>>> print(open('entry21.pdb').read())   # PDB, C-alpha atoms and all ligand atoms
ATOM      1  CA  MET A 125     150.891 -13.217 149.983
ATOM      2  CA  LEU A 126     148.188 -15.188 148.155
ATOM      3  CA  ASN A 127     150.775 -17.680 146.898
ATOM      4  CA  GLU A 128     150.632 -16.249 143.415
ATOM      5  CA  ASN A 129     153.391 -16.602 140.882
ATOM      6  CA  PRO A 130     155.485 -13.441 141.423
ATOM      7  CA  LEU A 131     156.492 -13.161 137.756
ATOM      8  CA  PRO A 132     154.352 -11.170 135.326
ATOM      9  CA  PRO A 133     152.683 -13.057 132.460
ATOM     10  CA  LEU A 134     154.912 -14.134 129.574
ATOM     11  CA  ALA A 135     154.793 -11.561 126.777
ATOM     12  CA  SER A 136     153.360 -14.098 124.330
ATOM     13  CA  VAL A 137     150.557 -15.010 126.741
ATOM     14  CA  ALA A 138     149.739 -11.347 127.414
ATOM     15  CA  GLU A 139     149.709 -10.673 123.641
ATOM     16  CA  GLU A 140     147.286 -13.505 122.958
ATOM     17  CA  ILE A 141     145.022 -12.231 125.732
ATOM     18  CA  ALA A 142     145.182  -8.705 124.262
ATOM     19  CA  ARG A 143     144.282 -10.097 120.838
ATOM     20  CA  GLY A 144     141.408 -12.063 122.378
ATOM     21  CA  ALA A 145     140.145  -8.876 124.033
ATOM     22  CA  GLY A 146     139.112  -7.712 120.561
ATOM     23  CA  SER A 147     136.135 -10.062 120.636
ATOM     24  CA  ILE A 148     134.857  -9.766 124.179
ATOM     25  CA  ASN A 149     131.611  -8.256 122.909
ATOM     26  CA  ARG A 150     130.754 -11.906 122.109
ATOM     27  CA  TYR A 151     129.697 -14.520 124.628
ATOM     28  CA  PRO A 152     132.081 -17.360 125.370
ATOM     29  CA  GLU A 153     130.926 -20.956 124.855
ATOM     30  CA  PHE A 154     127.751 -21.899 126.709
ATOM     31  CA  TYR A 155     129.788 -24.578 128.516
ATOM     32  CA  PRO A 156     133.578 -24.432 128.186
ATOM     33  CA  GLU A 157     133.844 -27.484 125.958
ATOM     34  CA  HIS A 158     136.742 -26.229 123.882
ATOM     35  CA  LEU A 159     138.720 -25.410 127.022
ATOM     36  CA  GLN A 160     137.906 -28.862 128.384
ATOM     37  CA  SER A 161     139.191 -30.509 125.205
ATOM     38  CA  VAL A 162     142.377 -28.406 125.215
ATOM     39  CA  VAL A 163     143.124 -29.423 128.817
ATOM     40  CA  ALA A 164     142.208 -33.066 128.154
ATOM     41  CA  GLU A 165     144.501 -33.301 125.149
ATOM     42  CA  TRP A 166     147.320 -31.680 127.088
ATOM     43  CA  LEU A 167     146.890 -34.182 129.927
ATOM     44  CA  GLY A 168     146.489 -37.158 127.587
ATOM     45  CA  PHE A 169     143.033 -37.994 128.935
ATOM     46  CA  PRO A 170     139.782 -38.411 126.992
ATOM     47  CA  GLU A 171     137.603 -35.312 127.353
ATOM     48  CA  GLU A 172     134.973 -37.024 129.465
ATOM     49  CA  TRP A 173     137.525 -37.500 132.264
ATOM     50  CA  VAL A 174     138.237 -33.772 132.559
ATOM     51  CA  VAL A 175     136.290 -30.952 134.190
ATOM     52  CA  VAL A 176     137.174 -27.251 134.121
ATOM     53  CA  GLY A 177     135.871 -24.423 136.231
ATOM     54  CA  SER A 178     136.343 -20.967 137.641
ATOM     55  CA  GLY A 179     139.601 -21.727 139.414
ATOM     56  CA  SER A 180     140.148 -25.067 141.092
ATOM     57  CA  VAL A 181     138.025 -23.678 143.910
ATOM     58  CA  GLY A 182     135.158 -23.394 141.418
ATOM     59  CA  VAL A 183     135.607 -27.023 140.394
ATOM     60  CA  ALA A 184     135.714 -28.040 144.080
ATOM     61  CA  LEU A 185     132.447 -26.209 144.705
ATOM     62  CA  GLN A 186     130.754 -27.984 141.784
ATOM     63  CA  ALA A 187     132.052 -31.350 143.006
ATOM     64  CA  LEU A 188     130.777 -30.768 146.537
ATOM     65  CA  GLN A 189     127.421 -29.501 145.249
ATOM     66  CA  ALA A 190     127.153 -32.758 143.318
ATOM     67  CA  HIS A 191     128.108 -35.052 146.209
ATOM     68  CA  VAL A 192     127.373 -33.566 149.605
ATOM     69  CA  ARG A 193     123.886 -33.582 151.029
ATOM     70  CA  PRO A 194     123.144 -30.696 153.393
ATOM     71  CA  GLY A 195     124.009 -31.588 156.976
ATOM     72  CA  ASN A 196     126.326 -34.419 155.983
ATOM     73  CA  GLY A 197     130.027 -34.451 156.727
ATOM     74  CA  LEU A 198     132.863 -32.876 154.773
ATOM     75  CA  VAL A 199     136.150 -33.914 156.379
ATOM     76  CA  TYR A 200     139.522 -32.201 156.019
ATOM     77  CA  GLY A 201     142.635 -31.488 158.039
ATOM     78  CA  TRP A 202     142.807 -28.132 159.775
ATOM     79  CA  ARG A 203     144.597 -25.803 159.315
ATOM     80  CA  ASN A 204     144.215 -25.824 155.606
ATOM     81  CA  PHE A 205     143.288 -23.735 152.581
ATOM     82  CA  ASP A 206     140.837 -21.081 153.808
ATOM     83  CA  ALA A 207     138.261 -21.886 151.153
ATOM     84  CA  TYR A 208     137.415 -25.329 152.563
ATOM     85  CA  PRO A 209     135.210 -24.042 155.408
ATOM     86  CA  LEU A 210     133.610 -21.608 152.934
ATOM     87  CA  LEU A 211     132.853 -24.481 150.573
ATOM     88  CA  ALA A 212     131.329 -26.405 153.483
ATOM     89  CA  ASP A 213     129.124 -23.398 154.282
ATOM     90  CA  MET A 214     128.086 -22.889 150.684
ATOM     91  CA  THR A 215     127.065 -26.515 150.234
ATOM     92  CA  GLY A 216     125.447 -26.837 153.663
ATOM     93  CA  ALA A 217     127.930 -29.523 154.662
ATOM     94  CA  ARG A 218     128.883 -30.167 158.262
ATOM     95  CA  ALA A 219     132.589 -29.332 158.380
ATOM     96  CA  VAL A 220     134.599 -31.975 160.261
ATOM     97  CA  GLN A 221     138.063 -30.577 160.914
ATOM     98  CA  VAL A 222     140.845 -32.963 161.915
ATOM     99  CA  PRO A 223     143.800 -31.185 163.580
ATOM    100  CA  LEU A 224     147.162 -31.328 161.804
ATOM    101  CA  LEU A 225     149.904 -33.530 163.196
ATOM    102  CA  PRO A 226     153.009 -31.883 164.657
ATOM    103  CA  GLY A 227     155.221 -30.789 161.755
ATOM    104  CA  GLY A 228     152.307 -29.604 159.643
ATOM    105  CA  HIS A 229     151.184 -32.902 158.112
ATOM    106  CA  GLN A 230     147.556 -33.747 157.582
ATOM    107  CA  ASP A 231     146.434 -36.634 159.770
ATOM    108  CA  LEU A 232     145.254 -39.049 157.096
ATOM    109  CA  THR A 233     144.369 -41.741 159.628
ATOM    110  CA  GLY A 234     142.194 -39.251 161.503
ATOM    111  CA  VAL A 235     140.543 -38.049 158.287
ATOM    112  CA  ALA A 236     139.867 -41.643 157.179
ATOM    113  CA  LYS A 237     138.367 -42.462 160.574
ATOM    114  CA  GLU A 238     135.965 -39.511 160.375
ATOM    115  CA  ALA A 239     135.139 -40.406 156.776
ATOM    116  CA  ALA A 240     134.259 -43.950 157.769
ATOM    117  CA  ALA A 241     132.089 -42.682 160.637
ATOM    118  CA  ASP A 242     129.888 -40.476 158.461
ATOM    119  CA  ALA A 243     130.856 -38.203 155.591
ATOM    120  CA  ASP A 244     129.908 -37.531 152.006
ATOM    121  CA  ALA A 245     133.288 -36.092 151.078
ATOM    122  CA  VAL A 246     136.886 -35.549 152.188
ATOM    123  CA  ILE A 247     139.454 -33.037 150.961
ATOM    124  CA  VAL A 248     143.198 -33.577 151.139
ATOM    125  CA  CYS A 249     145.581 -30.823 150.098
ATOM    126  CA  ASN A 250     148.895 -32.015 148.687
ATOM    127  CA  PRO A 251     151.270 -30.319 149.032
ATOM    128  CA  HIS A 252     149.591 -28.639 151.928
ATOM    129  CA  ASN A 253     148.598 -24.995 152.286
ATOM    130  CA  PRO A 254     149.773 -23.355 154.547
ATOM    131  CA  THR A 255     152.580 -25.634 155.780
ATOM    132  CA  GLY A 256     154.062 -26.709 152.411
ATOM    133  CA  GLN A 257     154.241 -30.344 153.522
ATOM    134  CA  LEU A 258     154.038 -33.240 151.092
ATOM    135  CA  LEU A 259     152.259 -36.551 151.552
ATOM    136  CA  SER A 260     153.986 -39.439 149.786
ATOM    137  CA  ALA A 261     152.365 -41.568 147.088
ATOM    138  CA  ASP A 262     152.343 -44.563 149.453
ATOM    139  CA  GLU A 263     150.614 -42.644 152.257
ATOM    140  CA  LEU A 264     148.035 -41.253 149.870
ATOM    141  CA  GLU A 265     147.281 -44.502 148.134
ATOM    142  CA  GLU A 266     146.788 -46.268 151.433
ATOM    143  CA  PHE A 267     144.469 -43.447 152.517
ATOM    144  CA  ILE A 268     142.414 -43.534 149.314
ATOM    145  CA  GLY A 269     141.925 -47.270 149.796
ATOM    146  CA  LEU A 270     140.478 -46.635 153.275
ATOM    147  CA  ILE A 271     137.773 -44.223 152.124
ATOM    148  CA  PRO A 272     134.335 -45.737 151.478
ATOM    149  CA  ALA A 273     133.576 -46.078 147.755
ATOM    150  CA  ASP A 274     130.576 -43.738 147.969
ATOM    151  CA  THR A 275     132.553 -40.909 149.626
ATOM    152  CA  LEU A 276     134.012 -38.266 147.324
ATOM    153  CA  ILE A 277     137.766 -37.749 147.704
ATOM    154  CA  VAL A 278     139.024 -34.364 146.534
ATOM    155  CA  LEU A 279     142.794 -34.379 146.169
ATOM    156  CA  ASP A 280     143.746 -30.722 145.865
ATOM    157  CA  GLU A 281     147.057 -30.452 144.013
ATOM    158  CA  ALA A 282     147.090 -26.697 143.415
ATOM    159  CA  TYR A 283     150.862 -26.559 144.074
ATOM    160  CA  ILE A 284     151.940 -29.916 142.645
ATOM    161  CA  GLU A 285     154.205 -28.365 139.982
ATOM    162  CA  PHE A 286     156.487 -27.026 142.733
ATOM    163  CA  VAL A 287     157.189 -30.549 144.002
ATOM    164  CA  GLU A 288     160.358 -32.162 142.725
ATOM    165  CA  ARG A 289     159.387 -34.580 139.935
ATOM    166  CA  SER A 290     160.769 -37.700 141.633
ATOM    167  CA  GLN A 291     158.601 -37.006 144.684
ATOM    168  CA  ARG A 292     155.348 -36.181 142.869
ATOM    169  CA  PRO A 293     152.686 -38.807 143.447
ATOM    170  CA  ASP A 294     151.337 -40.071 140.117
ATOM    171  CA  SER A 295     147.828 -39.209 141.225
ATOM    172  CA  LEU A 296     146.274 -39.109 137.773
ATOM    173  CA  LYS A 297     146.714 -42.852 137.438
ATOM    174  CA  TRP A 298     144.564 -43.343 140.570
ATOM    175  CA  VAL A 299     141.475 -41.785 138.995
ATOM    176  CA  ARG A 300     141.263 -44.828 136.712
ATOM    177  CA  GLN A 301     141.285 -47.103 139.758
ATOM    178  CA  TYR A 302     139.096 -45.110 142.151
ATOM    179  CA  PRO A 303     135.822 -43.764 140.705
ATOM    180  CA  ASN A 304     135.324 -41.650 143.857
ATOM    181  CA  LEU A 305     138.561 -39.663 143.371
ATOM    182  CA  LEU A 306     138.768 -36.137 141.930
ATOM    183  CA  VAL A 307     142.274 -34.762 141.341
ATOM    184  CA  LEU A 308     142.145 -30.994 141.345
ATOM    185  CA  ARG A 309     144.730 -28.703 139.715
ATOM    186  CA  THR A 310     144.981 -25.118 138.588
ATOM    187  CA  PHE A 311     146.540 -22.692 136.149
ATOM    188  CA  SER A 312     146.666 -20.099 138.951
ATOM    189  CA  LYS A 313     150.007 -20.931 140.543
ATOM    190  CA  ALA A 314     152.808 -22.473 138.450
ATOM    191  CA  TYR A 315     151.196 -21.212 135.225
ATOM    192  CA  GLY A 316     150.764 -17.699 136.564
ATOM    193  CA  LEU A 317     147.129 -17.230 135.505
ATOM    194  CA  ALA A 318     145.509 -16.534 138.895
ATOM    195  CA  GLY A 319     143.538 -13.625 137.457
ATOM    196  CA  MET A 320     142.114 -15.692 134.603
ATOM    197  CA  ARG A 321     140.383 -18.146 136.972
ATOM    198  CA  VAL A 322     140.999 -21.519 135.356
ATOM    199  CA  GLY A 323     141.126 -24.705 137.357
ATOM    200  CA  TYR A 324     140.582 -28.270 136.276
ATOM    201  CA  GLY A 325     139.937 -31.689 137.646
ATOM    202  CA  VAL A 326     140.400 -35.245 136.468
ATOM    203  CA  ALA A 327     137.912 -37.899 137.517
ATOM    204  CA  HIS A 328     136.082 -40.970 136.329
ATOM    205  CA  PRO A 329     133.592 -39.989 133.552
ATOM    206  CA  GLU A 330     130.548 -40.700 135.722
ATOM    207  CA  MET A 331     131.840 -38.376 138.402
ATOM    208  CA  ALA A 332     132.917 -35.778 135.833
ATOM    209  CA  GLU A 333     129.417 -35.800 134.418
ATOM    210  CA  ARG A 334     127.890 -35.221 137.857
ATOM    211  CA  ILE A 335     130.300 -32.359 138.490
ATOM    212  CA  ASN A 336     129.530 -30.820 135.100
ATOM    213  CA  LYS A 337     125.837 -30.636 135.980
ATOM    214  CA  PHE A 338     126.766 -27.748 138.282
ATOM    215  CA  ARG A 339     128.442 -25.615 135.636
ATOM    216  CA  LEU A 340     127.055 -22.144 135.282
ATOM    217  CA  PRO A 341     126.336 -21.271 131.620
ATOM    218  CA  TYR A 342     128.847 -18.828 130.094
ATOM    219  CA  SER A 343     130.875 -18.800 133.319
ATOM    220  CA  MET A 344     134.337 -19.247 131.779
ATOM    221  CA  SER A 345     135.580 -16.094 130.071
ATOM    222  CA  SER A 346     136.521 -16.356 126.398
ATOM    223  CA  LEU A 347     139.979 -15.122 127.384
ATOM    224  CA  SER A 348     140.556 -18.047 129.727
ATOM    225  CA  VAL A 349     140.877 -20.550 126.886
ATOM    226  CA  VAL A 350     143.146 -18.160 124.973
ATOM    227  CA  ALA A 351     145.399 -17.818 128.034
ATOM    228  CA  VAL A 352     145.484 -21.562 128.650
ATOM    229  CA  GLU A 353     146.305 -22.404 125.033
ATOM    230  CA  ALA A 354     149.104 -19.819 124.980
ATOM    231  CA  SER A 355     150.462 -21.074 128.319
ATOM    232  CA  ILE A 356     150.500 -24.678 127.164
ATOM    233  CA  ARG A 357     152.489 -23.593 124.098
ATOM    234  CA  GLU A 358     154.995 -21.925 126.436
ATOM    235  CA  GLN A 359     155.106 -24.774 128.910
ATOM    236  CA  ARG A 360     158.919 -25.118 128.824
ATOM    237  CA  GLU A 361     159.443 -21.485 129.728
ATOM    238  CA  LEU A 362     156.854 -21.697 132.484
ATOM    239  CA  GLU A 363     158.623 -24.768 133.853
ATOM    240  CA  ASP A 364     161.883 -22.795 133.888
ATOM    241  CA  ARG A 365     160.102 -20.186 135.975
ATOM    242  CA  VAL A 366     158.942 -22.859 138.390
ATOM    243  CA  ARG A 367     162.550 -24.059 138.726
ATOM    244  CA  HIS A 368     163.601 -20.487 139.433
ATOM    245  CA  ILE A 369     160.935 -20.097 142.139
ATOM    246  CA  VAL A 370     161.951 -23.428 143.678
ATOM    247  CA  ALA A 371     165.622 -22.350 143.712
ATOM    248  CA  GLU A 372     164.621 -19.081 145.388
ATOM    249  CA  ARG A 373     162.532 -21.020 147.895
ATOM    250  CA  GLU A 374     165.520 -23.156 148.842
ATOM    251  CA  ARG A 375     167.726 -20.073 149.135
ATOM    252  CA  VAL A 376     165.243 -18.380 151.472
ATOM    253  CA  VAL A 377     164.837 -21.553 153.577
ATOM    254  CA  ARG A 378     168.623 -21.780 153.974
ATOM    255  CA  GLY A 379     168.963 -18.104 154.847
ATOM    256  CA  LEU A 380     166.174 -18.106 157.411
ATOM    257  CA  THR A 381     167.365 -21.348 158.962
ATOM    258  CA  GLU A 382     170.884 -19.930 159.281
ATOM    259  CA  SER A 383     169.400 -16.886 161.016
ATOM    260  CA  GLY A 384     167.854 -19.211 163.573
ATOM    261  CA  TRP A 385     164.236 -19.350 162.417
ATOM    262  CA  SER A 386     162.285 -22.545 162.470
ATOM    263  CA  VAL A 387     161.212 -23.074 158.851
ATOM    264  CA  LEU A 388     159.595 -26.245 157.590
ATOM    265  CA  PRO A 389     161.002 -27.731 154.387
ATOM    266  CA  SER A 390     158.592 -26.701 151.626
ATOM    267  CA  HIS A 391     157.260 -28.377 148.484
ATOM    268  CA  THR A 392     155.335 -25.312 147.300
ATOM    269  CA  ASN A 393     155.944 -21.668 146.345
ATOM    270  CA  PHE A 394     155.626 -20.549 149.963
ATOM    271  CA  LEU A 395     157.217 -21.274 153.333
ATOM    272  CA  TRP A 396     155.878 -21.939 156.767
ATOM    273  CA  LEU A 397     157.668 -20.293 159.667
ATOM    274  CA  ASP A 398     156.862 -22.560 162.551
ATOM    275  CA  GLU A 399     157.150 -19.795 165.123
ATOM    276  CA  PRO A 400     153.953 -19.692 167.168
ATOM    277  CA  ALA A 401     155.371 -17.256 169.718
ATOM    278  CA  ARG A 402     156.889 -14.832 167.192
ATOM    279  CA  VAL A 403     154.175 -14.267 164.640
ATOM    280  CA  ASP A 404     153.809 -10.586 165.509
ATOM    281  CA  GLN A 405     157.562 -10.048 165.564
ATOM    282  CA  VAL A 406     157.936 -11.585 162.083
ATOM    283  CA  GLY A 407     154.935  -9.616 160.813
ATOM    284  CA  ALA A 408     156.373  -6.324 162.092
ATOM    285  CA  ALA A 409     159.846  -7.024 160.658
ATOM    286  CA  LEU A 410     158.382  -7.831 157.243
ATOM    287  CA  ASP A 411     156.111  -4.821 157.394
ATOM    288  CA  ARG A 412     159.134  -2.584 157.779
ATOM    289  CA  VAL A 413     160.481  -3.745 154.402
ATOM    290  CA  GLY A 414     157.096  -3.637 152.711
ATOM    291  CA  VAL A 415     156.603  -7.421 152.465
ATOM    292  CA  ARG A 416     153.190  -8.810 153.284
ATOM    293  CA  ALA A 417     152.943 -12.318 154.658
ATOM    294  CA  ARG A 418     149.988 -14.249 155.956
ATOM    295  CA  LEU A 419     150.035 -14.255 159.747
ATOM    296  CA  TYR A 420     148.340 -16.997 161.726
ATOM    297  CA  PRO A 421     148.403 -15.647 165.305
ATOM    298  CA  GLY A 422     149.671 -18.200 167.794
ATOM    299  CA  ASP A 423     150.549 -20.598 165.013
ATOM    300  CA  GLY A 424     152.984 -19.421 162.345
ATOM    301  CA  VAL A 425     153.609 -17.306 159.280
ATOM    302  CA  ARG A 426     153.095 -18.251 155.656
ATOM    303  CA  LEU A 427     155.493 -16.466 153.388
ATOM    304  CA  THR A 428     155.028 -16.567 149.623
ATOM    305  CA  ILE A 429     158.257 -16.721 147.609
ATOM    306  CA  GLY A 430     158.561 -13.546 145.602
ATOM    307  CA  GLU A 431     161.015 -12.131 143.107
ATOM    308  CA  ARG A 432     164.672 -12.118 144.063
ATOM    309  CA  ALA A 433     164.649  -8.553 145.396
ATOM    310  CA  SER A 434     161.728  -9.134 147.715
ATOM    311  CA  ASN A 435     163.231 -12.427 148.911
ATOM    312  CA  ASP A 436     166.428 -10.492 149.693
ATOM    313  CA  ALA A 437     164.333  -7.988 151.623
ATOM    314  CA  VAL A 438     162.819 -10.841 153.645
ATOM    315  CA  LEU A 439     166.246 -12.288 154.392
ATOM    316  CA  SER A 440     167.610  -8.979 155.557
ATOM    317  CA  ALA A 441     164.493  -8.128 157.595
ATOM    318  CA  LEU A 442     164.780 -11.441 159.414
ATOM    319  CA  SER A 443     168.564 -11.652 159.545
ATOM    320  CA  SER A 444     169.132 -10.263 163.004
ATOM    321  CA  PRO A 445     169.715 -12.874 165.671
ATOM    322  CA  ARG A 446     166.623 -13.534 167.695
TER     323      ARG A 446
HETATM  324  N1  LIG B   1     143.766 -25.024 146.547
HETATM  325  C1  LIG B   1     144.689 -24.507 147.338
HETATM  326  C2  LIG B   1     145.349 -25.379 148.323
HETATM  327  C3  LIG B   1     145.017 -23.155 147.247
HETATM  328  O1  LIG B   1     145.926 -22.631 148.067
HETATM  329  C4  LIG B   1     144.365 -22.352 146.288
HETATM  330  C5  LIG B   1     144.662 -20.883 146.113
HETATM  331  N2  LIG B   1     145.106 -20.195 147.176
HETATM  332  C6  LIG B   1     143.407 -22.953 145.502
HETATM  333  C7  LIG B   1     143.121 -24.287 145.639
HETATM  334  C8  LIG B   1     142.551 -22.163 144.570
HETATM  335  O2  LIG B   1     143.151 -21.840 143.429
HETATM  336  P1  LIG B   1     142.314 -21.372 142.175
HETATM  337  O3  LIG B   1     140.871 -21.335 142.516
HETATM  338  O4  LIG B   1     142.876 -20.062 141.828
HETATM  339  O5  LIG B   1     142.589 -22.434 141.148
END
>>> encode(input="entry21.pdb", output="structure tokens")
Amino acid sequence: MLNENPLPPLASVAEEIARGAGSINRYPEFYPEHLQSVVAEWLGFPEEWVVVGSGSVGVALQALQAHVRPGNGLVYGWRNFDAYPLLADMTGARAVQVPLLPGGHQDLTGVAKEAAADADAVIVCNPHNPTGQLLSADELEEFIGLIPADTLIVLDEAYIEFVERSQRPDSLKWVRQYPNLLVLRTFSKAYGLAGMRVGYGVAHPEMAERINKFRLPYSMSSLSVVAVEASIREQRELEDRVRHIVAERERVVRGLTESGWSVLPSHTNFLWLDEPARVDQVGAALDRVGVRARLYPGDGVRLTIGERASNDAVLSALSSPR
């Protein structure tokens, strides 16, 4: 329901974490410099281009603390990831919410217009939570070019690993071109480490340095770097799991569509049932088989792809003709 990876941690990752637990009487690093260097090397970026934090939401908070002056605008499409309004509140930003376009896409023209009017920062979520929609590289690059150079652009790619490779925008190359761009990613979803709280961002070194000023000392657990190092070693297996989740996603989309439900094509590990009038009906049917989905009354239902058995339960719960 929280768009987690449904599969338990790989045995090797869990073992490394258990081994690491033997030294949790010790503090972790003051700032997570080792973790930063591990992520940087993995990405092929120099360390000073990489920031890490307590989930990607933690990195986003640091970035907004560094860039948004209280009362100034933070623009994003709405609906969106629930944390964005919270981040606006926490940083004292004035949230400027631009309604989604029909079909669940963020209105980049509308966001750019608001940004030009008056904003310190914008956030774009790609692919989008909760609708699963993907913005193309061309759309995004045009958008980034429209944003004033002194406005922070947060490109939240929490689910990017679930996008088919040929359709994934090569966003990391843009950070070299646009010093106001922060690309945000996480180990919480495809890498299955939601409970470890490790997110990262890639940005121009000057921006990374500003973001790093808002790190809390000792805030990244010593186990987080152990889990990340073990996960990177097992990257192939984790990618196989992503392929499995994507295959399940496509199976569930087909099944629900055949049963007559309006389901948007998804680029994430969840689906959007575009059924504003039937949210309660879907919620009740899923409840009966013990599946929890996120209901957005009057709007739709976000359904996280689970393990095969729970996906089967969803398909049978929603199989009856409407
Ligand atoms: N961005 C989006 C769009 C999300 O949906 C989530 C998690 N639900 C996050 C960021 C936060 O992920 P984390 O802080 O675990 O990295």
>>> resolve_selection(input="entry21.pdb", expression="the PyMOL selection byres (((chain A and resi 249) around 7) and not hetatm)", output="list in words")
Ile247, Val248, Asn250, Pro251, His252, Asn253, Leu279, Asp280 and Glu281 of chain A
>>> residues_near_ligand(input="entry21.pdb", ligand="ligand LIG 1 (chain B)", cutoff="7 Å", atoms="all atoms listed in the file", output="list in words")
Leu126, Asn127, Ser178, Gly179, Ser180, Val181, Gly182, Phe205, Cys249, His252, Asn253, Asp280, Glu281, Ala282, Arg309, Thr310, Phe311, Ser312, Ala318, Arg321, Val322 and Gly323 of chain A
>>> write_last_selection(input="entry21.pdb", atoms="C-alpha atoms", output="PDB file, in the frame of the given file")
ATOM      1  CA  LEU A 126     148.188 -15.188 148.155  1.00  0.00           C
ATOM      2  CA  ASN A 127     150.775 -17.680 146.898  1.00  0.00           C
ATOM      3  CA  SER A 178     136.343 -20.967 137.641  1.00  0.00           C
ATOM      4  CA  GLY A 179     139.601 -21.727 139.414  1.00  0.00           C
ATOM      5  CA  SER A 180     140.148 -25.067 141.092  1.00  0.00           C
ATOM      6  CA  VAL A 181     138.025 -23.678 143.910  1.00  0.00           C
ATOM      7  CA  GLY A 182     135.158 -23.394 141.418  1.00  0.00           C
ATOM      8  CA  PHE A 205     143.288 -23.735 152.581  1.00  0.00           C
ATOM      9  CA  CYS A 249     145.581 -30.823 150.098  1.00  0.00           C
ATOM     10  CA  HIS A 252     149.591 -28.639 151.928  1.00  0.00           C
ATOM     11  CA  ASN A 253     148.598 -24.995 152.286  1.00  0.00           C
ATOM     12  CA  ASP A 280     143.746 -30.722 145.865  1.00  0.00           C
ATOM     13  CA  GLU A 281     147.057 -30.452 144.013  1.00  0.00           C
ATOM     14  CA  ALA A 282     147.090 -26.697 143.415  1.00  0.00           C
ATOM     15  CA  ARG A 309     144.730 -28.703 139.715  1.00  0.00           C
ATOM     16  CA  THR A 310     144.981 -25.118 138.588  1.00  0.00           C
ATOM     17  CA  PHE A 311     146.540 -22.692 136.149  1.00  0.00           C
ATOM     18  CA  SER A 312     146.666 -20.099 138.951  1.00  0.00           C
ATOM     19  CA  ALA A 318     145.509 -16.534 138.895  1.00  0.00           C
ATOM     20  CA  ARG A 321     140.383 -18.146 136.972  1.00  0.00           C
ATOM     21  CA  VAL A 322     140.999 -21.519 135.356  1.00  0.00           C
ATOM     22  CA  GLY A 323     141.126 -24.705 137.357  1.00  0.00           C
TER      23      GLY A 323
END
>>> atom_distance(input="entry21.pdb", atom1="CA of Leu395 in chain A", atom2="CA of Gly319 in chain A")
22.3 Å
>>> residues_around(input="entry21.pdb", residues="Val415 in chain A", least_positions_apart="4", cutoff="8 Å", atoms="only C-alpha atoms", output="list in words")
Leu410, Asp411, Ser434, Ala437 and Val438 of chain A
>>> residues_around(input="entry21.pdb", residues="Asn149 in chain A", least_positions_apart="3", cutoff="12 Å", atoms="only C-alpha atoms", output="ChimeraX atom specification")
/A:144-146,152,345-347
>>> resolve_selection(input="entry21.pdb", expression="the PyMOL selection byres (((chain A and resi 195) around 7) and not hetatm)", output="PyMOL selection string")
chain A and resi 193-194+196-197+216-218
>>> resolve_selection(input="entry21.pdb", expression="the PyMOL selection byres (((chain A and resi 160) around 7) and not hetatm)", output="list in words")
Pro156, Glu157, His158, Leu159, Ser161, Val162, Val163, Ala164, Glu171, Val174, Val175 and Val176 of chain A
>>> residues_around(input="entry21.pdb", residues="Ile141 in chain A", least_positions_apart="6", cutoff="12 Å", atoms="only C-alpha atoms", output="VMD selection string")
chain A and resid 133 to 135 147 to 148 317 319 to 320 345 to 355
>>> closest_residue(input="entry21.pdb", among="A:Leu380, A:Val192, A:Leu442, A:Ala314", to="Gly407 in chain A", atoms="only C-alpha atoms")
A:Leu442
>>> atom_distance(input="entry21.pdb", atom1="CA of His368 in chain A", atom2="CA of Ser290 in chain A")
17.6 Å
>>> residues_around(input="entry21.pdb", residues="Tyr208 in chain A", least_positions_apart="4", cutoff="9 Å", atoms="all atoms listed in the file", output="short mmCIF file (atom, residue, chain, number, x, y, z; two decimals) with C-alpha atoms, in the frame of the given file")
data_model
loop_
_atom_site.label_atom_id
_atom_site.label_comp_id
_atom_site.auth_asym_id
_atom_site.auth_seq_id
_atom_site.Cartn_x
_atom_site.Cartn_y
_atom_site.Cartn_z
CA VAL A 181 138.02 -23.68 143.91
CA TYR A 200 139.52 -32.20 156.02
CA ASN A 204 144.22 -25.82 155.61
CA ALA A 212 131.33 -26.40 153.48
CA ASP A 213 129.12 -23.40 154.28
CA ALA A 219 132.59 -29.33 158.38
CA ILE A 247 139.45 -33.04 150.96
#
>>> atom_distance(input="entry21.pdb", atom1="CA of Ala441 in chain A", atom2="CA of Val403 in chain A")
13.9 Å
>>> closest_residue(input="entry21.pdb", among="A:Gly430, A:Pro254, A:Gly201, A:Pro132", to="Asp231 in chain A", atoms="only C-alpha atoms")
A:Gly201
>>> residues_near_point(input="entry21.pdb", point="(134.2, -40.8, 144.8)", cutoff="7 Å", atoms="all atoms listed in the file", output="list in words")
Ala273, Asp274, Thr275, Leu276, Ile277, Pro303, Asn304 and Leu305 of chain A
>>> axis_aligned_box(input="entry21.pdb", around="range 214-233 of chain A", padding_each_side="4 Å", output="AutoDock Vina command-line options")
--center_x 140.3 --center_y -32.3 --center_z 157.4 --size_x 37.8 --size_y 26.9 --size_z 22.4
>>> closest_atom_pairs(input="entry21.pdb", of="range 369-396 of chain A", to="range 422-425 of chain A", cutoff="10 Å", atoms="all atoms listed in the file", output="CSV")
residue,atom,partner,partner_atom,distance
A:Ser386,CA,A:Gly424,CA,9.8
A:Val387,CA,A:Val425,CA,9.6
A:Leu395,CA,A:Val425,CA,8.0
A:Trp396,CA,A:Val425,CA,5.7
>>> closest_residue(input="entry21.pdb", among="A:Glu139, A:Asp436, A:Glu372, A:Glu265", to="Leu296 in chain A", atoms="all atoms listed in the file")
A:Glu265
>>> closest_residue(input="entry21.pdb", among="A:Lys313, A:Leu211, A:His328, A:Leu259", to="Lys297 in chain A", atoms="only C-alpha atoms")
A:His328
>>> closest_residue(input="entry21.pdb", among="A:His391, A:His229, A:Lys337, A:Arg203", to="Arg373 in chain A", atoms="only C-alpha atoms")
A:His391
